[in-house]
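Step one of this worksheet: look at the structure below.
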Amino acid sequence: MIKKNVLIMFGGRSVEHEVSVITGLQVAENIDKEKYNVVPLFITKQGEWYTGDELLDIKNYKNLDVLLSKAKKFILSLFLIILI
């Protein structure tokens, strides 16, 4: 069976940032790994996006600077295409 990729976004600029991180990590931990590949996407309180397997371990969040230096910064570019 081919696994599906699932993006789990958590964090963000909300006052609920920490709750979102915990919930996102719980989802990642409890998802059926025989069916899904988990791709974590952490959003900092400043709105920066990061991905990488390091983000799946809650212990790594004790030193956020070290964690983010190991994770990959995710930059989303949007292009506007106008068809005439």
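Lettering and numbering for the structure tokens are positional, with chains as A, B, ... in the shown order, residues counted from 1 in each chain, and ligands counted from 1 in the shown order.
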I'd like a table as CSV: residues in stretch 20-51 of chain A with an atom no more than 12 Å from stretch 57-71 of chain A, each row giving the shortest atom pair and its distance in Å to one decimal, only C-alpha atoms counted, sorted by chain and rising residue number.
residue,atom,partner,partner_atom,distance
A:Val21,CA,A:Ile58,CA,8.6
A:Ile22,CA,A:Ile58,CA,7.8
A:Thr23,CA,A:Ile58,CA,10.8
A:Gly24,CA,A:Ile58,CA,10.3
A:Leu25,CA,A:Ile58,CA,7.2
A:Gln26,CA,A:Ile58,CA,9.5
A:Ala28,CA,A:Asp57,CA,9.9
A:Glu29,CA,A:Asp57,CA,9.2
A:Pro40,CA,A:Ala71,CA,10.3
A:Leu41,CA,A:Ala71,CA,10.0
A:Phe42,CA,A:Ala71,CA,9.5
A:Ile43,CA,A:Leu68,CA,10.6
A:Thr44,CA,A:Leu68,CA,9.5
A:Lys45,CA,A:Leu64,CA,11.4
A:Glu48,CA,A:Leu68,CA,10.2
A:Trp49,CA,A:Leu68,CA,9.8
A:Tyr50,CA,A:Ala71,CA,6.1
A:Thr51,CA,A:Ala71,CA,5.8
Helix (DSSP H, G or I) residues, from DSSP on the backbone, in chain A, as a VMD selection string: chain A and resid 17 to 30 53 to 56 58 to 62 64 to 70
Non-local contacts of stretch 32-39 of chain A (10 Å; only C-alpha atoms; under 2 positions in same chain excluded) as a list in words: Met1, Ile2, Lys3, Lys4, Asn5, Val6, Leu7, Ile8, Met9, Val27, Ala28, Glu29, Asn30, Leu41, Phe42, Thr51, Gly52, Asp53, Leu55 and Leu56 of chain A
Residues from last step as file, C-alpha atoms, as a JSON list (two decimals), in the first residue's frame:
[["chain", "number", "residue", "atom", "x", "y", "z"],
["A", 1, "MET", "CA", 0.00, 0.00, 0.00],
["A", 2, "ILE", "CA", 1.28, 3.45, -0.89],
["A", 3, "LYS", "CA", 1.37, 5.87, 2.03],
["A", 4, "LYS", "CA", -0.24, 9.27, 1.72],
["A", 5, "ASN", "CA", 1.62, 12.38, 2.85],
["A", 6, "VAL", "CA", -0.14, 14.41, 5.54],
["A", 7, "LEU", "CA", 0.90, 17.96, 6.39],
["A", 8, "ILE", "CA", 0.31, 18.85, 10.03],
["A", 9, "MET", "CA", 0.46, 22.60, 10.65],
["A", 27, "VAL", "CA", -1.84, 14.23, 16.15],
["A", 28, "ALA", "CA", 1.54, 13.40, 14.58],
["A", 29, "GLU", "CA", 2.30, 10.88, 17.31],
["A", 30, "ASN", "CA", -1.04, 9.09, 17.09],
["A", 41, "LEU", "CA", 4.98, 22.46, 9.54],
["A", 42, "PHE", "CA", 5.72, 24.61, 12.58],
["A", 51, "THR", "CA", 9.64, 21.83, 8.55],
["A", 52, "GLY", "CA", 11.74, 18.77, 9.44],
["A", 53, "ASP", "CA", 11.58, 15.64, 11.55],
["A", 55, "LEU", "CA", 9.95, 19.28, 14.96],
["A", 56, "LEU", "CA", 8.16, 16.05, 15.91]]
Atomic separation - atom CA of A:Gln46 relative to atom CA of A:Lys72, Å: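 Distance between the two atoms: 15.9 Å.
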Backbone DSSP call of strand (DSSP E) for chain A, listed as a list of chain:residue names: A:Lys4, A:Asn5, A:Val6, A:Leu7, A:Ile8, A:Met9, A:Phe10, A:Gly11, A:Tyr36, A:Asn37, A:Val38, A:Val39, A:Pro40, A:Leu41, A:Phe42, A:Ile43, A:Trp49, A:Tyr50, A:Thr51, A:Lys72, A:Lys73, A:Phe74
Create the file for the chosen residues now, containing N, CA and C atoms and written as a PDB file, in the first residue's frame.
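New file result-v1.pdb:
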ATOM      1  N   LYS A   4       0.097   7.902   2.080  1.00  0.00           N
ATOM      2  CA  LYS A   4      -0.244   9.273   1.722  1.00  0.00           C
ATOM      3  C   LYS A   4       0.555  10.208   2.618  1.00  0.00           C
ATOM      4  N   ASN A   5       0.940  11.343   2.073  1.00  0.00           N
ATOM      5  CA  ASN A   5       1.618  12.377   2.854  1.00  0.00           C
ATOM      6  C   ASN A   5       0.575  13.275   3.500  1.00  0.00           C
ATOM      7  N   VAL A   6       0.768  13.555   4.791  1.00  0.00           N
ATOM      8  CA  VAL A   6      -0.145  14.415   5.538  1.00  0.00           C
ATOM      9  C   VAL A   6       0.661  15.556   6.152  1.00  0.00           C
ATOM     10  N   LEU A   7       0.271  16.771   5.817  1.00  0.00           N
ATOM     11  CA  LEU A   7       0.903  17.956   6.389  1.00  0.00           C
ATOM     12  C   LEU A   7       0.166  18.330   7.663  1.00  0.00           C
ATOM     13  N   ILE A   8       0.897  18.429   8.767  1.00  0.00           N
ATOM     14  CA  ILE A   8       0.306  18.853  10.033  1.00  0.00           C
ATOM     15  C   ILE A   8       0.897  20.208  10.377  1.00  0.00           C
ATOM     16  N   MET A   9       0.043  21.226  10.328  1.00  0.00           N
ATOM     17  CA  MET A   9       0.460  22.599  10.645  1.00  0.00           C
ATOM     18  C   MET A   9       0.129  22.896  12.095  1.00  0.00           C
ATOM     19  N   PHE A  10       1.076  23.537  12.794  1.00  0.00           N
ATOM     20  CA  PHE A  10       0.832  23.875  14.192  1.00  0.00           C
ATOM     21  C   PHE A  10       1.685  25.070  14.586  1.00  0.00           C
ATOM     22  N   GLY A  11       1.296  25.706  15.697  1.00  0.00           N
ATOM     23  CA  GLY A  11       1.978  26.913  16.159  1.00  0.00           C
ATOM     24  C   GLY A  11       1.184  28.128  15.730  1.00  0.00           C
ATOM     25  N   TYR A  36       0.153   6.759   6.644  1.00  0.00           N
ATOM     26  CA  TYR A  36       0.501   8.158   6.393  1.00  0.00           C
ATOM     27  C   TYR A  36       1.952   8.486   6.725  1.00  0.00           C
ATOM     28  N   ASN A  37       2.556   9.315   5.885  1.00  0.00           N
ATOM     29  CA  ASN A  37       3.836   9.955   6.178  1.00  0.00           C
ATOM     30  C   ASN A  37       3.526  11.341   6.719  1.00  0.00           C
ATOM     31  N   VAL A  38       4.022  11.651   7.896  1.00  0.00           N
ATOM     32  CA  VAL A  38       3.752  12.940   8.524  1.00  0.00           C
ATOM     33  C   VAL A  38       4.799  13.959   8.094  1.00  0.00           C
ATOM     34  N   VAL A  39       4.327  15.117   7.646  1.00  0.00           N
ATOM     35  CA  VAL A  39       5.188  16.251   7.324  1.00  0.00           C
ATOM     36  C   VAL A  39       4.804  17.377   8.276  1.00  0.00           C
ATOM     37  N   PRO A  40       5.661  17.664   9.275  1.00  0.00           N
ATOM     38  CA  PRO A  40       5.327  18.730  10.218  1.00  0.00           C
ATOM     39  C   PRO A  40       5.616  20.108   9.627  1.00  0.00           C
ATOM     40  N   LEU A  41       4.752  21.067   9.937  1.00  0.00           N
ATOM     41  CA  LEU A  41       4.977  22.456   9.535  1.00  0.00           C
ATOM     42  C   LEU A  41       4.705  23.329  10.756  1.00  0.00           C
ATOM     43  N   PHE A  42       5.792  23.787  11.377  1.00  0.00           N
ATOM     44  CA  PHE A  42       5.720  24.613  12.584  1.00  0.00           C
ATOM     45  C   PHE A  42       5.743  26.078  12.181  1.00  0.00           C
ATOM     46  N   ILE A  43       4.827  26.854  12.739  1.00  0.00           N
ATOM     47  CA  ILE A  43       4.777  28.295  12.492  1.00  0.00           C
ATOM     48  C   ILE A  43       5.135  29.002  13.792  1.00  0.00           C
ATOM     49  N   TRP A  49       7.791  29.909   8.936  1.00  0.00           N
ATOM     50  CA  TRP A  49       7.410  28.520   8.757  1.00  0.00           C
ATOM     51  C   TRP A  49       8.650  27.636   8.704  1.00  0.00           C
ATOM     52  N   TYR A  50       8.601  26.478   9.390  1.00  0.00           N
ATOM     53  CA  TYR A  50       9.710  25.519   9.423  1.00  0.00           C
ATOM     54  C   TYR A  50       9.173  24.107   9.272  1.00  0.00           C
ATOM     55  N   THR A  51       9.992  23.233   8.680  1.00  0.00           N
ATOM     56  CA  THR A  51       9.644  21.831   8.553  1.00  0.00           C
ATOM     57  C   THR A  51      10.868  20.972   8.857  1.00  0.00           C
ATOM     58  N   LYS A  72      14.292  23.050   8.632  1.00  0.00           N
ATOM     59  CA  LYS A  72      14.397  23.734   7.346  1.00  0.00           C
ATOM     60  C   LYS A  72      13.356  24.842   7.299  1.00  0.00           C
ATOM     61  N   LYS A  73      13.800  26.053   6.967  1.00  0.00           N
ATOM     62  CA  LYS A  73      12.862  27.158   6.827  1.00  0.00           C
ATOM     63  C   LYS A  73      12.053  26.950   5.557  1.00  0.00           C
ATOM     64  N   PHE A  74      10.771  27.144   5.664  1.00  0.00           N
ATOM     65  CA  PHE A  74       9.840  26.916   4.570  1.00  0.00           C
ATOM     66  C   PHE A  74       9.369  28.269   4.074  1.00  0.00           C
TER      67      PHE A  74
END
